[in-house]
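Some notes on the structure that comes next.
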Amino acid sequence: MSLLTVTPYLRKHRRAIEDLTFQHYRVHTHLDWQNVEDWLNTLVSPLWLAWQGERLVGLMAASEPVEGTSWLRLIALHDDVLSPQNVLNELWLPLSTELLRGGVRRVALLMLRDWLKPYLSPLGFAYDEHIVTMFRGGHQPPQPVPVSNLKIHTVTSTDIDTLVAIDHAAFPAMWRMSKTDIREAWRISAVCTLALHEDTPVGYQLSTQAQDTAHLARLAVQPSAQETGVGTVLLTDALARFSRRNIHAMTVNTQASNVRSQRLYARYGFVRNGYDLPVYIADLPVSSARTAAD
Ligand SMILES: CC(C)(COP(=O)(O)OP(=O)(O)OC[C@H]1O[C@@H](n2cnc3c(N)ncnc32)[C@H](O)[C@@H]1OP(=O)(O)O)[C@@H](O)C(=O)NCCC(=O)NCCS
């Protein structure tokens with residue numbers, strides 16, 4: 001068997017990457033709403049490739065860092081790889097070094113498929129918490145709740161910076177979305193709305209639609225405006241907008257520890273549907289950053 005070599009991504013490798021991710025079993029794709037091809041088109045973060053001779057046998061990519069955190073977005077291994085751990089270790093080394101140099105201190109992974117589980121601990125990842133899914137079945141929407149001085153308007157491309165500001169104020173570092181990801185999410189959203197309180201933006205929601213189900217992908221309220229009904233208004237207004245399209249079912253994901261958001265969803269008929277996904281985290285050692293940068 002030929003030796004393993006690891007190289008950074010170049011555009012000319014796109015076809016090999018697409019083949020590897022489409023044709024093999026051990027693939028982790030956490031690209032939100034994009035497919036691999038589209039994701040590569042907007043790639044602004046590290047992607048490393050493992051080769052045996054001319055053959056691509058593995059790859060590992062992270063998301064654009066936000067506030068010192070990146071997510072492992074794409075991992076793939078050729079079915080013929082005999083030592084998956086070895087290939088993953090070889091990919092993780094340059095990837096984590098590059099992330100450290102870019103100021104990343106924490107790497108997270110949403111474990112969408114079980115094949116990855118045994119390999120995570122040797123890479124330095126440990127279980128953090130679960131993401132839970134809640135589902136609201138096909139019944140009529142609740143009455144939209146009016147709040148005085150609150151207006152809801154449909155987001156346009158000129159609002160993206162406002163969404164980023166609200167998102168980063170509302171979520172802890174690990175859960176903030178980059179501007180690139182927010183713009184992409186907005187581009188493919190079905191209903192994306194901004195709440196204005198006396199013309200000041202105070203919250204937004206972004207929902208997608210797949211066949212006859214809506215998915216509330218993001219709901220964020222400025223901390224100073226929380227607990228004044230903004231989240232309730234954004235949620236009930238979004239449900240009403242979908243209802244006008246004859247869509248009554250909606251899903252949402254949130255952290256198991258995010259009790260406040262779960263209370264809001266439960267109040268409007270959402271129940272947990274058992275589709276929970278574990279999040280793993282690796283904290284990168286700062287001392288390696290120094291070594292890597294030297
Ligand atoms: C979760 C989140 C969206 C809720 O938004 P919000 O605007 O605070 O929600 P609301 O004000 O409508 O409701 C929150 C609470 O305030 C209460 N409330 C609403 N209006 C109120 C008012 N005028 N006076 C007093 N309390 C009020 C609600 O009854 C509710 O109480 P509960 O938590 O005991 O059930 C917001 O906390 C947030 O942005 N969190 C960070 C990001 C996040 O977690 N997003 C969701 C994950 S997907």
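Each chain in the structure tokens gets a letter, A, B, ..., in the order shown, and its residues are numbered from 1; ligands are numbered from 1 in order too.
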| All residues having an atom within 6 Å of ligand 1 (only C-alpha atoms and all ligand atoms) as a PyMOL selection string | chain A and resi 170-171+218-221+226-232+253-254+260-261+263-264
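Residues in contact range of segment 139-153 of chain A, defined as at most 8 Å between only C-alpha atoms, with sequence neighbours fewer than 3 positions away removed, read A:Thr193, A:Leu194, A:Ala195, A:Leu196, A:His197, A:Glu198, A:Asp199, A:Gly229, A:Val230, A:Thr232, A:Val233, A:Leu234, A:Thr236, A:Asp237, A:Leu239, A:Ala240, A:Ser243, A:His248, A:Ala249, A:Tyr268.
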| In Å to one decimal, how far is atom CA of Ile188 of chain A from atom CA of Arg176 of chain A? |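 Distance between the two atoms: 18.5 Å.
Among A:Ser63, A:Ser207, A:Ser257, A:Thr5, the residue with the shortest atom-to-atom distance to Leu235 of chain A, counting only C-alpha atoms, is A:Ser207.
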| request: Rank nothing, just name the residue among A:Val57, A:Val132, A:Leu82, A:Ala126 nearest to Val259 of chain A, using only C-alpha atoms. | output: A:Val132
| request: Record the distance separating atom CA of Gly68 of chain A and atom CA of Phe125 of chain A, expressed in Å with one decimal. | output: 16.3 Å
| Polymer residues at most 7 Å from segment 12-25 of chain A, only C-alpha atoms, same-chain spacing of 5 or more positions, as a list of chain:residue names |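 Listing them by chain and then by number gives A:Val36, A:Leu56, A:Ala76, A:His78, A:Asp79.
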| said: Which residues are near Leu99 of chain A? Cut-off 9 Å, only C-alpha atoms, ignore same chain within fewer than 6 positions. Put them as an MDAnalysis selection string. | reply: chainID A and resid 45:46 62 65 68 70 105 107 284 289
Output C-alpha atoms for every residue in that selection, as a short mmCIF file (atom, residue, chain, number, x, y, z; two decimals), in the first residue's frame.
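Wrote it out as part-v7.cif, contents follow:
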```
data_model
loop_
_atom_site.label_atom_id
_atom_site.label_comp_id
_atom_site.auth_asym_id
_atom_site.auth_seq_id
_atom_site.Cartn_x
_atom_site.Cartn_y
_atom_site.Cartn_z
CA SER A 45 -12.10 27.90 5.33
CA PRO A 46 -9.49 25.13 5.51
CA ALA A 62 -13.94 23.19 8.88
CA PRO A 65 -14.26 30.64 12.16
CA GLY A 68 -12.62 31.53 17.79
CA SER A 70 -15.14 26.43 13.90
CA ARG A 105 -9.59 27.79 20.02
CA VAL A 107 -13.73 23.04 17.16
CA LEU A 284 -7.31 23.38 20.84
CA ALA A 289 -0.71 27.60 18.47
#
```
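Comparing A:Leu31, A:Ala210, A:Leu112, A:Leu59 by their smallest distance to Tyr9 of chain A, the closest is A:Leu59 (using only C-alpha atoms).
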| request: Show which residues sit within 10 Å of Val66 of chain A, as a PyMOL selection string. Count only C-alpha atoms, and ignore same-chain residues fewer than 2 positions away. | output: chain A and resi 63-64+68-71+103-104+168+173-179
Could you write out that same residue set with C-alpha atoms as a PDB file, in the first residue's frame?
```
ATOM      1  CA  SER A  63     -16.297  26.144   8.739  1.00  0.00           C
ATOM      2  CA  GLU A  64     -15.244  29.780   8.564  1.00  0.00           C
ATOM      3  CA  GLY A  68     -12.618  31.533  17.790  1.00  0.00           C
ATOM      4  CA  THR A  69     -14.945  28.627  16.989  1.00  0.00           C
ATOM      5  CA  SER A  70     -15.136  26.428  13.897  1.00  0.00           C
ATOM      6  CA  TRP A  71     -17.301  23.420  13.065  1.00  0.00           C
ATOM      7  CA  GLY A 103      -7.274  32.200  16.026  1.00  0.00           C
ATOM      8  CA  VAL A 104      -9.590  29.201  16.501  1.00  0.00           C
ATOM      9  CA  HIS A 168     -23.981  37.653  17.361  1.00  0.00           C
ATOM     10  CA  ALA A 173     -19.802  32.364  20.444  1.00  0.00           C
ATOM     11  CA  MET A 174     -20.070  28.713  19.498  1.00  0.00           C
ATOM     12  CA  TRP A 175     -23.524  29.110  17.984  1.00  0.00           C
ATOM     13  CA  ARG A 176     -23.029  32.366  16.065  1.00  0.00           C
ATOM     14  CA  MET A 177     -23.334  32.180  12.305  1.00  0.00           C
ATOM     15  CA  SER A 178     -20.842  33.855   9.987  1.00  0.00           C
ATOM     16  CA  LYS A 179     -22.053  36.552   7.614  1.00  0.00           C
TER      17      LYS A 179
END
```
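Using only C-alpha atoms, the contacts of Pro118 of chain A at a cut-off of 9 Å, with sequence neighbours closer than 4 positions omitted, comprise A:Gln85, A:Asp114, A:Pro122.
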Let me see the file: selected residues, N, CA and C atoms, as a short mmCIF file (atom, residue, chain, number, x, y, z; two decimals), in the first residue's frame.
```
data_model
loop_
_atom_site.label_atom_id
_atom_site.label_comp_id
_atom_site.auth_asym_id
_atom_site.auth_seq_id
_atom_site.Cartn_x
_atom_site.Cartn_y
_atom_site.Cartn_z
N GLN A 85 -8.77 5.68 11.49
CA GLN A 85 -8.21 6.56 12.53
C GLN A 85 -6.92 7.21 12.05
N ASP A 114 -23.47 7.77 13.05
CA ASP A 114 -22.73 7.08 14.11
C ASP A 114 -21.33 6.62 13.73
N PRO A 122 -9.91 9.89 20.13
CA PRO A 122 -8.48 10.01 19.83
C PRO A 122 -8.09 11.34 19.16
#
```
